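**Q** Pasting in a structure now, in structure tokens, and then I'll have a few things to ask.
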Amino acid sequence: MNSPRPPLTCEDALRGLIGGQGDLRDCVGVLLPTLYALAQRHALPHAEEAVVSALQDIREHCHCWPRSGLPARTWVLGLAQRRFQQARLAA
């Protein structure tokens with residue numbers, strides 16, 4: 001009998017992206033609720049677009065996370081925070 005796979009953590013999702021073993025869908029499943037909450041906190045008029053842009057940034061820059069020394073969730077939130085601030089200024 002197969003036991004269900006334990007839920008992925010933010011660290012697992014980022015490590016998978018970095019190693020080429022993971023999938024952006026794993027990151028989306030783990031990060032989407034947090035990213036949407038942060039986007040709503042910024043009161044962005046196009047929150048969905050900002051979240052998609054943040055996910056693209058995460059995918060593009062995930063290789064930088066280990067060198068930062070930050071916990072994965074902190075690193076992700078910092079990257080998203082920067083993206084959302086830029087989106088708010090552009091609106």
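In the structure tokens, chains take letters A, B, ... by order of appearance, with residues numbered from 1 within each chain and ligands from 1 in the order shown.
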Among the residues of chain A, find those DSSP assigns to helix (DSSP H, G or I) from the backbone and print them as a PyMOL selection string.

**A** chain A and resi 10-19+24-41+47-68+72-90

**Q** Please produce a file of the residues just selected, as a CSV table (one decimal), in the first residue's frame, where the atoms kept are C-alpha atoms.

**A**
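Done, and the output landed in out21.csv:
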```
chain,number,residue,atom,x,y,z
A,10,CYS,CA,9.1,25.8,0.1
A,11,GLU,CA,12.7,24.5,0.4
A,12,ASP,CA,11.8,21.3,-1.4
A,13,ALA,CA,10.1,23.2,-4.3
A,14,LEU,CA,13.1,25.5,-4.7
A,15,ARG,CA,15.7,22.7,-4.5
A,16,GLY,CA,13.7,20.9,-7.2
A,17,LEU,CA,13.8,23.9,-9.4
A,18,ILE,CA,17.5,24.4,-8.9
A,19,GLY,CA,18.4,20.8,-9.5
A,24,LEU,CA,7.2,25.0,-11.3
A,25,ARG,CA,3.9,23.5,-10.5
A,26,ASP,CA,5.3,22.3,-7.2
A,27,CYS,CA,6.3,25.9,-6.4
A,28,VAL,CA,2.9,27.2,-7.5
A,29,GLY,CA,1.2,24.7,-5.2
A,30,VAL,CA,3.4,25.7,-2.2
A,31,LEU,CA,3.7,29.4,-2.8
A,32,LEU,CA,0.5,30.6,-4.5
A,33,PRO,CA,-1.6,31.2,-1.3
A,34,THR,CA,1.2,33.3,0.3
A,35,LEU,CA,1.9,35.2,-2.9
A,36,TYR,CA,-1.7,36.1,-3.4
A,37,ALA,CA,-2.1,37.2,0.2
A,38,LEU,CA,1.0,39.4,-0.2
A,39,ALA,CA,-0.3,40.9,-3.5
A,40,GLN,CA,-3.6,41.6,-1.8
A,41,ARG,CA,-1.9,43.3,1.0
A,47,ALA,CA,-2.7,41.0,-8.5
A,48,GLU,CA,-2.9,37.9,-10.8
A,49,GLU,CA,-0.3,39.4,-13.2
A,50,ALA,CA,1.9,40.4,-10.3
A,51,VAL,CA,1.8,36.9,-8.9
A,52,VAL,CA,2.7,35.4,-12.2
A,53,SER,CA,5.6,37.8,-12.6
A,54,ALA,CA,6.8,36.9,-9.1
A,55,LEU,CA,6.7,33.2,-9.9
A,56,GLN,CA,8.7,33.9,-13.1
A,57,ASP,CA,11.3,35.8,-11.0
A,58,ILE,CA,11.4,32.8,-8.6
A,59,ARG,CA,12.0,30.4,-11.4
A,60,GLU,CA,14.6,32.6,-13.0
A,61,HIS,CA,16.6,33.4,-9.8
A,62,CYS,CA,16.1,30.3,-7.7
A,63,HIS,CA,19.8,29.4,-8.1
A,64,CYS,CA,20.6,32.5,-6.0
A,65,TRP,CA,18.6,31.3,-3.0
A,66,PRO,CA,21.2,29.0,-1.4
A,67,ARG,CA,23.9,31.6,-1.5
A,68,SER,CA,21.6,34.1,0.3
A,72,ALA,CA,13.5,29.6,1.4
A,73,ARG,CA,10.2,31.2,2.4
A,74,THR,CA,11.9,34.4,3.5
A,75,TRP,CA,13.8,34.6,0.2
A,76,VAL,CA,10.7,34.0,-1.8
A,77,LEU,CA,8.8,36.7,0.1
A,78,GLY,CA,11.6,39.2,-0.4
A,79,LEU,CA,11.7,38.5,-4.1
A,80,ALA,CA,7.9,38.9,-4.3
A,81,GLN,CA,7.9,42.0,-2.2
A,82,ARG,CA,10.3,43.7,-4.6
A,83,ARG,CA,8.2,42.6,-7.6
A,84,PHE,CA,4.9,43.9,-5.9
A,85,GLN,CA,6.5,47.2,-5.0
A,86,GLN,CA,7.6,47.7,-8.6
A,87,ALA,CA,4.0,46.8,-9.8
A,88,ARG,CA,2.5,49.3,-7.4
A,89,LEU,CA,4.8,52.1,-8.5
A,90,ALA,CA,4.0,51.3,-12.2
```
